[in-house]
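As stored in query.cif (mmCIF, C-alpha atoms and all ligand atoms):
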```cif
data_run
#
loop_
_atom_site.label_atom_id
_atom_site.label_comp_id
_atom_site.auth_asym_id
_atom_site.auth_seq_id
_atom_site.Cartn_x
_atom_site.Cartn_y
_atom_site.Cartn_z
CA MET A 1 -81.28 47.71 -73.57
CA LEU A 2 -80.05 45.54 -76.41
CA ASP A 3 -82.14 42.48 -77.10
CA MET A 4 -79.87 39.47 -77.66
CA ASN A 5 -82.74 37.51 -79.17
CA LYS A 6 -83.08 39.98 -82.02
CA ALA A 7 -80.76 40.14 -84.99
CA ILE A 8 -80.06 41.97 -88.20
CA LEU A 9 -78.78 39.87 -91.09
CA VAL A 10 -76.16 41.19 -93.46
CA GLY A 11 -74.62 39.83 -96.65
CA VAL A 12 -72.39 40.92 -99.49
CA CYS A 13 -73.17 40.55 -103.18
CA LEU A 14 -69.93 40.43 -105.14
CA ARG A 15 -71.41 39.94 -108.62
CA PRO A 16 -74.53 41.71 -109.92
CA SER A 17 -75.69 38.47 -111.56
CA GLU A 18 -75.79 36.78 -108.17
CA TYR A 19 -78.11 39.23 -106.45
CA ASP A 20 -81.15 36.91 -106.50
CA LYS A 21 -79.08 34.07 -105.15
CA LYS A 22 -77.93 36.29 -102.33
CA ILE A 23 -81.51 37.18 -101.43
CA THR A 24 -82.38 33.47 -101.26
CA SER A 25 -79.33 32.84 -99.15
CA LEU A 26 -80.33 35.59 -96.70
CA ASP A 27 -83.87 34.17 -96.54
CA GLU A 28 -82.36 30.83 -95.65
CA LEU A 29 -80.19 32.48 -93.00
CA ALA A 30 -83.39 33.99 -91.59
CA ARG A 31 -84.88 30.48 -91.33
CA LEU A 32 -81.71 29.28 -89.65
CA ALA A 33 -81.86 32.20 -87.19
CA ASP A 34 -85.51 31.46 -86.51
CA THR A 35 -84.74 27.78 -85.85
CA ALA A 36 -81.99 28.92 -83.47
CA GLY A 37 -84.54 31.02 -81.59
CA VAL A 38 -83.51 34.46 -82.84
CA GLU A 39 -85.95 37.03 -84.26
CA VAL A 40 -84.81 38.76 -87.44
CA VAL A 41 -85.56 42.50 -87.49
CA GLY A 42 -83.79 43.47 -90.72
CA LYS A 43 -82.00 42.05 -93.78
CA PHE A 44 -79.37 44.01 -95.69
CA ILE A 45 -77.27 43.17 -98.73
CA GLN A 46 -74.38 45.35 -99.84
CA LYS A 47 -73.21 45.24 -103.45
CA ARG A 48 -69.44 45.58 -103.57
CA GLN A 49 -66.52 44.21 -105.54
CA LYS A 50 -64.73 42.47 -102.74
CA PRO A 51 -65.22 41.96 -99.01
CA ASP A 52 -63.95 44.64 -96.65
CA LYS A 53 -60.80 43.47 -94.85
CA THR A 54 -61.71 44.93 -91.48
CA TYR A 55 -65.46 44.29 -91.20
CA TYR A 56 -66.24 42.08 -94.24
CA ILE A 57 -68.98 44.61 -95.07
CA GLY A 58 -68.46 48.38 -95.43
CA LYS A 59 -68.38 50.21 -92.12
CA GLY A 60 -70.77 52.92 -93.31
CA PHE A 61 -73.21 50.33 -94.62
CA LEU A 62 -73.21 48.49 -91.29
CA ALA A 63 -73.75 51.75 -89.38
CA GLU A 64 -76.69 52.58 -91.63
CA ALA A 65 -78.23 49.11 -91.17
CA ILE A 66 -77.93 49.36 -87.40
CA ASN A 67 -79.41 52.84 -87.44
CA GLU A 68 -82.40 51.73 -89.49
CA THR A 69 -83.34 49.05 -86.98
CA LYS A 70 -82.40 50.85 -83.79
CA GLU A 71 -85.97 51.01 -82.48
CA GLU A 72 -85.96 47.22 -82.20
CA ASN A 73 -82.67 47.25 -80.28
CA PRO A 74 -81.13 44.16 -81.91
CA GLY A 75 -78.17 42.79 -79.95
CA LEU A 76 -76.81 40.64 -82.77
CA ILE A 77 -75.45 41.07 -86.29
CA ILE A 78 -75.41 37.83 -88.26
CA PHE A 79 -73.16 37.68 -91.32
CA ASP A 80 -74.18 35.41 -94.19
CA ASN A 81 -70.63 34.18 -94.72
CA GLU A 82 -67.75 32.88 -92.68
CA LEU A 83 -66.25 35.73 -90.67
CA SER A 84 -62.56 35.76 -89.85
CA PRO A 85 -61.83 36.01 -86.12
CA SER A 86 -60.51 39.56 -86.55
CA GLN A 87 -63.50 40.73 -88.59
CA GLY A 88 -65.80 39.50 -85.85
CA ARG A 89 -63.72 41.23 -83.21
CA ASN A 90 -63.54 44.51 -85.14
CA THR A 91 -67.27 44.60 -85.73
CA GLU A 92 -68.04 43.95 -82.08
CA LYS A 93 -65.62 46.65 -80.96
CA GLU A 94 -66.87 49.27 -83.41
CA PHE A 95 -70.61 48.74 -83.06
CA GLU A 96 -70.89 47.25 -79.57
CA LEU A 97 -73.08 44.41 -80.79
CA ASP A 98 -72.39 40.68 -80.89
CA ALA A 99 -71.24 39.64 -84.35
CA ILE A 100 -71.69 36.03 -85.42
CA ASP A 101 -71.60 34.22 -88.74
CA ARG A 102 -73.66 31.61 -90.57
CA THR A 103 -71.51 28.78 -89.20
CA GLU A 104 -72.17 29.84 -85.63
CA VAL A 105 -75.92 29.82 -86.22
CA ILE A 106 -75.71 26.32 -87.70
CA LEU A 107 -73.58 25.19 -84.76
CA LYS A 108 -76.15 26.58 -82.32
CA ILE A 109 -78.93 24.60 -84.03
CA PHE A 110 -76.81 21.46 -84.09
CA HIS A 111 -76.06 21.97 -80.41
CA ASP A 112 -79.74 22.32 -79.51
CA HIS A 113 -80.87 19.38 -81.65
CA ALA A 114 -78.19 16.81 -80.78
CA ARG A 115 -79.80 13.92 -78.92
CA THR A 116 -77.67 10.83 -79.39
CA LYS A 117 -74.19 10.27 -77.98
CA GLU A 118 -72.77 10.20 -81.50
CA SER A 119 -74.27 13.52 -82.57
CA LYS A 120 -73.40 15.19 -79.26
CA LEU A 121 -69.76 14.18 -79.66
CA GLN A 122 -69.69 15.39 -83.24
CA VAL A 123 -71.22 18.74 -82.34
CA GLN A 124 -68.72 19.10 -79.51
CA LEU A 125 -65.85 18.47 -81.90
CA ALA A 126 -67.17 21.02 -84.38
CA GLU A 127 -67.60 23.62 -81.64
CA LEU A 128 -64.11 23.11 -80.27
CA GLN A 129 -62.59 23.40 -83.72
CA TYR A 130 -64.53 26.56 -84.39
CA GLN A 131 -63.42 28.11 -81.08
CA LEU A 132 -59.72 27.42 -81.41
CA PRO A 133 -58.78 30.25 -83.80
CA ARG A 134 -61.28 32.61 -82.19
CA LEU A 135 -59.97 32.67 -78.63
CA LYS A 136 -58.41 36.08 -79.19
CA ARG A 137 -61.87 37.50 -79.49
CA LEU A 138 -62.81 36.15 -76.09
CA TRP A 139 -59.67 37.15 -74.24
CA GLY A 140 -58.47 40.15 -76.24
CA HIS A 141 -60.05 42.53 -73.72
CA LEU A 142 -57.57 41.47 -71.03
CA ASP A 143 -54.70 42.92 -73.02
CA LYS A 144 -56.64 46.03 -73.75
CA GLU A 145 -57.43 46.67 -70.10
CA LYS A 146 -53.81 46.31 -69.07
CA GLY A 147 -52.69 48.52 -71.89
CA GLN A 148 -50.00 46.07 -72.91
CA ALA A 149 -48.73 45.40 -76.35
CA ALA A 150 -49.68 42.04 -77.76
CA GLY A 151 -47.36 39.87 -79.82
CA SER A 152 -44.25 40.05 -77.63
CA SER A 153 -43.03 37.06 -75.65
CA GLY A 154 -41.83 36.16 -72.15
CA ALA A 155 -42.59 38.24 -69.10
CA SER A 156 -43.97 41.18 -71.04
CA ARG A 157 -46.68 39.16 -72.63
CA GLY A 158 -50.24 40.34 -72.07
CA MET A 159 -52.52 38.53 -69.66
CA GLY A 160 -54.92 37.78 -72.47
CA GLU A 161 -52.28 36.10 -74.52
CA LYS A 162 -51.22 33.84 -71.66
CA GLN A 163 -54.82 32.91 -71.09
CA ILE A 164 -55.15 32.14 -74.80
CA GLU A 165 -52.14 29.79 -74.62
CA ILE A 166 -53.64 27.92 -71.67
CA ASP A 167 -57.04 27.68 -73.32
CA LYS A 168 -55.57 26.52 -76.60
CA ARG A 169 -53.83 23.68 -74.84
CA LEU A 170 -57.03 22.73 -73.02
CA ILE A 171 -59.05 22.82 -76.20
CA ARG A 172 -56.51 20.72 -78.10
CA ARG A 173 -56.58 18.14 -75.33
CA GLU A 174 -60.38 18.12 -75.42
CA ILE A 175 -60.36 17.74 -79.21
CA ALA A 176 -58.09 14.70 -78.93
CA LYS A 177 -60.41 13.16 -76.34
CA VAL A 178 -63.55 13.66 -78.40
CA LYS A 179 -61.81 12.37 -81.51
CA ALA A 180 -60.81 9.18 -79.68
CA GLU A 181 -64.41 8.64 -78.57
CA LEU A 182 -65.64 9.18 -82.11
CA LYS A 183 -63.10 6.75 -83.46
CA LYS A 184 -64.73 4.07 -81.32
CA VAL A 185 -68.15 4.91 -82.78
CA PHE A 186 -66.65 4.77 -86.25
CA LEU A 187 -65.02 1.37 -85.71
CA HIS A 188 -68.21 -0.03 -84.21
CA LYS A 189 -70.09 1.03 -87.33
CA GLU A 190 -67.46 -0.55 -89.52
CA MET A 191 -67.91 -3.84 -87.69
CA GLN A 192 -71.69 -3.67 -88.01
CA ASN A 193 -71.33 -2.97 -91.69
CA LYS A 194 -69.11 -6.01 -92.21
CA GLN A 195 -71.78 -8.21 -90.69
CA ARG A 196 -74.32 -6.76 -93.09
CA GLU A 197 -72.08 -7.08 -96.08
CA ASN A 198 -74.43 -9.05 -98.32
CA VAL A 199 -77.50 -6.95 -97.58
CA LYS A 200 -77.88 -3.90 -99.81
CA LYS A 201 -77.46 -0.60 -98.02
CA VAL A 202 -79.63 2.32 -99.09
CA CYS A 203 -79.31 5.78 -97.59
CA LEU A 204 -81.61 8.80 -97.74
CA VAL A 205 -79.76 12.02 -98.47
CA GLY A 206 -80.88 15.54 -99.30
CA TYR A 207 -81.21 19.14 -98.32
CA THR A 208 -82.44 19.77 -94.81
CA ASN A 209 -86.27 19.75 -94.48
CA ALA A 210 -86.76 17.88 -97.79
CA GLY A 211 -88.78 15.13 -96.08
CA LYS A 212 -86.20 12.36 -95.57
CA SER A 213 -87.47 11.36 -92.14
CA THR A 214 -91.10 11.50 -93.29
CA LEU A 215 -90.30 9.04 -96.07
CA PHE A 216 -88.22 6.90 -93.73
CA ASN A 217 -91.14 6.65 -91.32
CA ARG A 218 -93.52 5.81 -94.12
CA LEU A 219 -91.32 2.94 -95.30
CA THR A 220 -90.45 1.63 -91.83
CA ASP A 221 -92.13 1.88 -88.46
CA ALA A 222 -89.18 3.67 -86.92
CA GLY A 223 -91.02 6.80 -85.78
CA VAL A 224 -88.09 9.18 -86.40
CA MET A 225 -88.87 12.76 -85.40
CA VAL A 226 -90.27 14.85 -88.23
CA GLU A 227 -90.45 18.61 -87.92
CA ASP A 228 -90.82 21.66 -90.08
CA LYS A 229 -87.45 22.72 -88.81
CA LEU A 230 -83.96 22.79 -90.26
CA PHE A 231 -81.72 19.98 -89.05
CA ALA A 232 -84.39 18.04 -87.15
CA THR A 233 -82.29 14.90 -87.71
CA LEU A 234 -78.63 14.82 -86.69
CA SER A 235 -77.81 11.14 -86.37
CA THR A 236 -78.49 8.03 -88.38
CA THR A 237 -81.30 5.54 -87.87
CA SER A 238 -81.28 2.30 -89.85
CA ARG A 239 -83.94 -0.33 -90.38
CA LYS A 240 -84.20 -3.54 -92.34
CA LEU A 241 -86.87 -3.46 -95.01
CA SER A 242 -88.12 -6.27 -97.23
CA LEU A 243 -88.46 -5.82 -100.94
CA SER A 244 -89.99 -8.30 -103.34
CA LYS A 245 -88.97 -11.99 -103.58
CA GLY A 246 -87.62 -12.13 -100.06
CA ARG A 247 -84.92 -9.58 -100.78
CA ASN A 248 -83.94 -7.23 -98.00
CA MET A 249 -82.28 -3.87 -97.79
CA ILE A 250 -81.09 -1.71 -94.95
CA LEU A 251 -82.47 1.80 -95.17
CA SER A 252 -80.87 4.69 -93.28
CA ASP A 253 -82.12 8.17 -92.50
CA THR A 254 -79.47 10.73 -91.72
CA VAL A 255 -78.49 14.39 -91.30
CA GLY A 256 -79.52 16.84 -94.03
CA PHE A 257 -77.26 19.16 -95.98
CA ILE A 258 -77.32 22.92 -96.57
CA SER A 259 -75.47 25.36 -98.86
CA ASP A 260 -71.98 26.36 -97.79
CA LEU A 261 -71.66 23.74 -95.08
CA PRO A 262 -68.42 24.58 -93.31
CA HIS A 263 -65.70 22.01 -94.04
CA HIS A 264 -64.87 21.33 -90.42
CA LEU A 265 -68.52 20.63 -89.68
CA VAL A 266 -68.65 18.05 -92.45
CA ALA A 267 -65.40 16.55 -91.16
CA SER A 268 -66.76 16.40 -87.60
CA PHE A 269 -69.76 14.44 -88.83
CA ARG A 270 -67.62 11.71 -90.36
CA ALA A 271 -69.17 8.97 -88.20
CA THR A 272 -72.72 9.87 -89.21
CA LEU A 273 -71.81 10.44 -92.84
CA LYS A 274 -70.18 7.01 -92.98
CA ASP A 275 -73.63 5.58 -93.62
CA VAL A 276 -73.81 7.72 -96.74
CA VAL A 277 -70.34 6.81 -97.96
CA ASP A 278 -70.91 3.06 -97.45
CA ALA A 279 -74.29 2.92 -99.22
CA ASP A 280 -74.94 0.90 -102.38
CA LEU A 281 -77.62 3.36 -103.43
CA LEU A 282 -78.47 6.92 -102.40
CA LEU A 283 -82.06 8.11 -102.43
CA HIS A 284 -81.67 11.82 -103.04
CA ILE A 285 -84.83 13.44 -101.61
CA VAL A 286 -85.84 16.83 -102.94
CA ASP A 287 -88.48 19.30 -101.76
CA SER A 288 -90.01 19.87 -105.18
CA ALA A 289 -92.60 22.28 -103.76
CA ASP A 290 -89.76 24.78 -103.41
CA GLU A 291 -89.41 26.41 -106.80
CA LEU A 292 -85.64 26.68 -106.36
CA PHE A 293 -85.28 22.93 -105.99
CA PRO A 294 -82.81 22.47 -108.89
CA SER A 295 -80.30 24.67 -107.10
CA TYR A 296 -80.73 22.63 -103.90
CA ILE A 297 -80.01 19.49 -105.91
CA ASP A 298 -76.70 21.07 -106.97
CA GLU A 299 -75.83 21.98 -103.40
CA VAL A 300 -76.42 18.41 -102.24
CA GLN A 301 -74.23 17.09 -105.07
CA LYS A 302 -71.47 19.43 -103.91
CA VAL A 303 -71.56 18.04 -100.37
CA LEU A 304 -71.64 14.48 -101.73
CA ALA A 305 -68.50 15.26 -103.70
CA GLN A 306 -66.92 16.74 -100.59
CA ILE A 307 -67.40 13.45 -98.71
CA LYS A 308 -66.40 11.41 -101.78
CA ALA A 309 -69.83 9.87 -102.30
CA GLU A 310 -70.41 11.35 -105.75
CA ASN A 311 -69.94 8.05 -107.59
CA ILE A 312 -72.48 6.05 -105.61
CA PRO A 313 -75.57 5.33 -107.78
CA GLN A 314 -78.38 7.76 -107.04
CA MET A 315 -82.10 7.97 -107.48
CA LEU A 316 -83.72 11.38 -107.51
CA ILE A 317 -86.93 11.45 -105.48
CA LEU A 318 -88.98 14.59 -105.99
CA ASN A 319 -90.98 14.80 -102.79
CA LYS A 320 -93.90 17.00 -101.71
CA LEU A 321 -95.71 16.28 -104.96
CA ASP A 322 -98.94 17.32 -103.21
CA GLU A 323 -97.70 20.92 -103.07
CA ALA A 324 -95.53 21.04 -106.19
CA ASP A 325 -96.09 22.71 -109.55
CA ARG A 326 -96.81 19.50 -111.48
CA THR A 327 -96.15 20.94 -114.92
CA LYS A 328 -92.71 22.13 -113.94
CA LEU A 329 -92.05 18.81 -112.26
CA LYS A 330 -92.93 16.80 -115.36
CA PHE A 331 -90.65 18.94 -117.43
CA TYR A 332 -87.78 18.37 -115.02
CA MET A 333 -88.36 14.62 -114.79
CA LYS A 334 -88.25 14.24 -118.56
CA ALA A 335 -84.67 15.45 -118.49
CA HIS A 336 -83.69 13.24 -115.55
CA ASP A 337 -84.06 9.53 -116.16
CA ASP A 338 -83.71 8.14 -112.72
CA SER A 339 -86.28 10.34 -111.02
CA ILE A 340 -89.67 9.72 -109.46
CA SER A 341 -92.15 12.08 -107.84
CA ILE A 342 -93.83 11.14 -104.57
CA SER A 343 -95.54 12.57 -101.55
CA ALA A 344 -94.07 11.01 -98.44
CA LYS A 345 -96.66 12.77 -96.31
CA LYS A 346 -99.73 11.74 -98.30
CA GLY A 347 -98.33 8.36 -99.34
CA GLU A 348 -98.46 9.00 -103.09
CA ASN A 349 -96.39 6.79 -105.44
CA ILE A 350 -94.74 4.86 -102.61
CA GLU A 351 -95.30 1.41 -104.16
CA GLU A 352 -93.77 2.60 -107.44
CA LEU A 353 -90.82 3.96 -105.51
CA LEU A 354 -90.18 0.63 -103.81
CA GLN A 355 -90.35 -1.19 -107.14
CA LYS A 356 -87.90 1.25 -108.62
CA ILE A 357 -85.48 0.82 -105.74
CA ASP A 358 -85.74 -2.95 -106.06
CA ALA A 359 -85.08 -2.83 -109.79
CA LYS A 360 -82.18 -0.45 -109.38
CA LEU A 361 -80.57 -2.57 -106.67
CA HIS A 362 -81.04 -5.87 -108.37
CA SER A 363 -81.34 -5.20 -112.05
CA ALA A 364 -79.42 -7.65 -114.15
CA ASP A 365 -78.95 -8.15 -117.88
CA LYS A 366 -77.36 -10.64 -120.19
CA TYR A 367 -74.03 -9.70 -121.77
CA VAL A 368 -71.43 -11.30 -124.03
CA LEU A 369 -67.84 -10.72 -122.95
CA LEU A 370 -64.50 -11.49 -124.50
CA ILE A 371 -61.85 -11.80 -121.83
CA PRO A 372 -58.20 -12.25 -122.94
CA HIS A 373 -56.42 -15.37 -121.62
CA THR A 374 -54.09 -13.11 -119.65
CA GLU A 375 -57.00 -11.83 -117.53
CA GLN A 376 -57.78 -14.95 -115.53
CA LYS A 377 -58.63 -12.80 -112.52
CA ALA A 378 -61.53 -11.18 -114.37
CA VAL A 379 -62.83 -14.63 -115.37
CA ASN A 380 -62.75 -15.71 -111.73
CA LEU A 381 -64.53 -12.55 -110.64
CA LEU A 382 -67.20 -13.04 -113.28
CA HIS A 383 -67.83 -16.57 -112.00
CA LYS A 384 -68.23 -15.13 -108.55
CA LEU A 385 -70.50 -12.18 -109.38
CA GLY A 386 -72.44 -13.26 -112.47
CA GLN A 387 -74.44 -16.24 -113.68
CA ILE A 388 -72.53 -17.93 -116.48
CA GLU A 389 -74.67 -19.23 -119.35
CA GLU A 390 -72.13 -20.17 -121.97
CA THR A 391 -68.34 -20.37 -122.28
CA GLU A 392 -66.37 -20.66 -125.49
CA TYR A 393 -62.59 -20.77 -125.81
CA LEU A 394 -61.36 -18.69 -128.73
CA GLU A 395 -57.87 -17.77 -129.86
CA GLU A 396 -58.15 -14.16 -128.52
CA GLY A 397 -59.63 -15.21 -125.19
CA VAL A 398 -62.63 -16.73 -123.44
CA GLN A 399 -66.02 -15.70 -124.75
CA ILE A 400 -68.57 -15.81 -121.95
CA THR A 401 -72.28 -15.14 -121.98
CA ALA A 402 -73.37 -14.16 -118.48
CA VAL A 403 -76.08 -12.38 -116.53
CA ILE A 404 -74.50 -9.50 -114.63
CA ASN A 405 -76.02 -7.20 -112.01
CA GLN A 406 -76.07 -3.55 -112.92
CA GLU A 407 -73.91 -2.55 -109.97
CA ASP A 408 -71.19 -5.08 -110.88
CA LEU A 409 -71.08 -4.18 -114.53
CA HIS A 410 -68.29 -1.61 -114.16
CA GLU A 411 -65.88 -4.46 -113.30
CA PHE A 412 -66.33 -5.90 -116.81
CA GLU A 413 -67.03 -2.84 -118.92
CA ARG A 414 -63.84 -3.21 -120.99
CA PHE A 415 -64.62 -6.80 -122.03
CA LEU A 416 -68.15 -6.16 -123.31
CA GLN A 417 -68.83 -7.24 -126.89
CA LYS A 418 -70.96 -4.93 -129.00
N1 LIG B 1 -96.61 18.89 -98.17
C1 LIG B 1 -95.72 17.95 -97.86
N2 LIG B 1 -94.93 18.13 -96.78
C2 LIG B 1 -94.03 17.16 -96.49
C3 LIG B 1 -93.89 15.99 -97.29
N3 LIG B 1 -92.91 15.24 -96.75
C4 LIG B 1 -92.46 15.91 -95.67
N4 LIG B 1 -93.13 17.07 -95.49
C5 LIG B 1 -92.94 18.07 -94.42
O1 LIG B 1 -91.65 18.65 -94.53
C6 LIG B 1 -91.13 18.97 -93.24
C7 LIG B 1 -89.77 18.35 -93.04
O2 LIG B 1 -89.88 16.95 -93.01
P1 LIG B 1 -88.75 15.99 -92.43
O3 LIG B 1 -89.16 14.61 -92.77
O4 LIG B 1 -88.47 16.32 -91.00
O5 LIG B 1 -87.53 16.45 -93.33
P2 LIG B 1 -85.99 15.98 -93.25
O6 LIG B 1 -85.50 15.95 -94.65
O7 LIG B 1 -85.88 14.74 -92.46
O8 LIG B 1 -85.35 17.23 -92.49
P3 LIG B 1 -84.01 17.32 -91.57
O9 LIG B 1 -83.95 16.11 -90.71
O10 LIG B 1 -84.28 18.58 -90.80
O11 LIG B 1 -82.87 17.46 -92.50
C8 LIG B 1 -92.17 18.47 -92.24
O12 LIG B 1 -92.99 19.55 -91.86
C9 LIG B 1 -92.96 17.44 -93.05
O13 LIG B 1 -94.29 17.29 -92.58
C10 LIG B 1 -94.77 15.84 -98.43
O14 LIG B 1 -94.76 14.86 -99.19
N5 LIG B 1 -95.64 16.86 -98.66
MG MG B 2 -84.90 14.32 -90.75
#
```
Could you express the structure from this file as structure tokens?
Amino acid sequence: MLDMNKAILVGVCLRPSEYDKKITSLDELARLADTAGVEVVGKFIQKRQKPDKTYYIGKGFLAEAINETKEENPGLIIFDNELSPSQGRNTEKEFELDAIDRTEVILKIFHDHARTKESKLQVQLAELQYQLPRLKRLWGHLDKEKGQAAGSSGASRGMGEKQIEIDKRLIRREIAKVKAELKKVFLHKEMQNKQRENVKKVCLVGYTNAGKSTLFNRLTDAGVMVEDKLFATLSTTSRKLSLSKGRNMILSDTVGFISDLPHHLVASFRATLKDVVDADLLLHIVDSADELFPSYIDEVQKVLAQIKAENIPQMLILNKLDEADRTKLKFYMKAHDDSISISAKKGENIEELLQKIDAKLHSADKYVLLIPHTEQKAVNLLHKLGQIEETEYLEEGVQITAVINQEDLHEFERFLQK
């Protein structure tokens, strides 16, 4: 009897130089499988120049991998890449095991962890979008049983294909419904944001399991769930927090990122990720106890670029200092100005962190600007955003000495006097 709770993991290494990366990626897939409740009984990487068209991985290699683990009777093969619908189908037909890919494992975890209405809707949307091109795999057997040729139209069409048409229509209708619901969530957030316009918005971002929720709980009394699990958090929680001199900020904790996040999943989570996109400052939390942390930083930057949040000011927070290699950490921090190391769990360096956030949000300096007479708009804006100390009318324009906040400086960059 095949055991559907046991899996073998397979991946392809296309460049010899990327072999180590592939091993790490498969280890991560094993953690994902574990979080999804599946036991991993074998991991296999095939070196080849390009993916196999039919199975993604060589047929012989797959057969060998299955043979090696046959005593455990795994019922699942999990591919560490996105599998095309036909590759999944072919593998299942040839080896009589269920074939799934990395995306499906992530979707399963998201499904199990979704608690709020917002995250449930978003997971539903992602699942529907994933299913749509894969219906053939579910209904293909109907055509096979009837022995009919697929691809023709009208009366001679296979049963399976008709069923696919009906299901596609149903799924599309469902997608439209969920999207409309999510639009409401999105608009509600937009309204809330407008009301909070003059309070600074700060959002925690980072790789999954980096310690975002732990830090959030330490800074607020929100009591967000913390777990040594991937994707423990799937929706956003926000709290008001006071900084020095009666200043406030709104801090948000949100969903974590992972390498190779499927595009449609990111798109489905638009409502939750809105809190990231709208932030004035991102606190990028890193698990610095993981020796591969620099590569996770890169992965997070990639997702931030994907959602167009790459230009929001960032502070790098190297968490889990209590378990990190401090020498390596120091070395890294020297090269990265805006970084700080903390332990959210043990409460190390938290005061310093808050001071740094405050300074970053509200830092201001004095500048001398020369604004041409034709740029009255910029003068008006400066009066609105900065504190004017001195104004002098010159032939080339108005020379103004003003105190300007760091985050507004980009508006006036071109008028700055050396
Ligand atoms: N040693 C140590 N462990 C920490 C620290 N901060 C968080 N952790 C642990 O890291 C694990 C993940 O913490 P979370 O706060 O849930 O991480 P997250 O970034 O919110 O994760 P997701 O919501 O799953 O993306 C938990 O087991 C925490 O106890 C720290 O400073 N030191
Ligand atoms: Mg969390």
Task: Atomic separation - atom CA of A:Ala232 relative to atom CA of A:Gly42, Å - done: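 Atom CA of A:Gly42 sits 25.7 Å away from atom CA of A:Ala232.
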Open item on the list: I'd like the neighbourhood of stretch 211-218 of chain A as a ChimeraX atom specification, where a residue qualifies if any of its atoms comes within 12 Å (using only C-alpha atoms), though same-chain residues fewer than 6 positions away should be ignored.
Closed with: /A:202-205,224-241,250-257,282-289,317-321,342-351,353-354
To test the calculation: enclose all listed atoms of stretch 192-202 of chain A in a box whose edges run along x, y and z, add 5 Å on each side, then state centre and edge lengths in Å to one decimal, as JSON.
```
{"center_x": -74.4, "center_y": -3.4, "center_z": -93.9, "size_x": 20.5, "size_y": 21.4, "size_z": 21.8}
```
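Between atom CA of A:Gln129 and atom CA of A:Pro262 the separation is 11.3 Å.
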Task: Shell around A:Ser259 at 10 Å using only C-alpha atoms, local window under 5 positions removed, as a PyMOL selection string - done: chain A and resi 25+28+207-208+295-296+298-300+302-303
Task: Residue nearest ligand LIG 1 (chain B) - candidates A:Ala210, A:Ile307, A:Cys13, A:Leu370, atoms counted: all atoms listed in the file - done: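 Smallest distance to ligand LIG 1 (chain B) is found for A:Ala210.
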Task: Long-range neighbours of A:Phe79 as a PyMOL selection string, 6 Å cut-off, all atoms listed in the file, 3 positions minimum in chain - done: chain A and resi 10-11+101
- [ ] Mind checking which residues fall within 12 Å of A:Arg48, counting all atoms listed in the file, ignoring those fewer than 6 positions away in the same chain, and posting them as a PyMOL selection string?
- [x] chain A and resi 11-16+18-19+56-58+61
- [ ] Provide the atom CA of A:Asn90 to atom CA of A:Thr69 distance in Å, to one decimal place.
- [x] 20.4 Å
Open item on the list: Please list as a list in words every residue within 12 Å of A:Ala359, counting only C-alpha atoms and excluding residues in the same chain fewer than 4 positions away.
Closed with: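 Result of the neighbour search: Leu243, Ser244, Lys245, Arg247, Leu281, Met315, Asp338, Glu352, Leu353, Leu354, Gln355, Ser363, Ala364, Asp365, Asn405, Gln406 and Glu407 of chain A.
You can rank A:Ser84, A:Gln124, A:Thr272, A:Thr327 by their closest distance to A:Asp52 using all atoms listed in the file, and at the top of that list sits A:Ser84.
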Open item on the list: Taking (-59.7, -8.7, -124.6) as a centre in this file's frame and 7 Å as the limit, can you find every polymer residue with an atom that close, using all atoms listed in the file, and give them as a VMD selection string?
Closed with: chain A and resid 370 to 372 396 to 397 415
Task: Among the residues A:Lys179, A:Lys200, A:Pro51, A:Met249, the one that comes closest to A:Thr220 [using all atoms listed in the file] - done: A:Met249
Task: Which of A:Asp34, A:Glu323, A:Glu190, A:Glu165 sits closest to ligand LIG 1 (chain B) [using only C-alpha atoms and all ligand atoms] - done: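 Closest candidate: A:Glu323.
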- [ ] Go through A:Phe110, A:Tyr332, A:Phe186, A:Phe95 and flag the residue nearest ligand LIG 1 (chain B), using all atoms listed in the file for the distances.
- [x] A:Phe110
TODO: Dig up all the protein and nucleic acid residues within 8 Å of (-74.6, 42.3, -83.3) in the file frame, using only C-alpha atoms, and format them as a ChimeraX atom specification.
DONE: /A:7-8,74-78,92,95-100
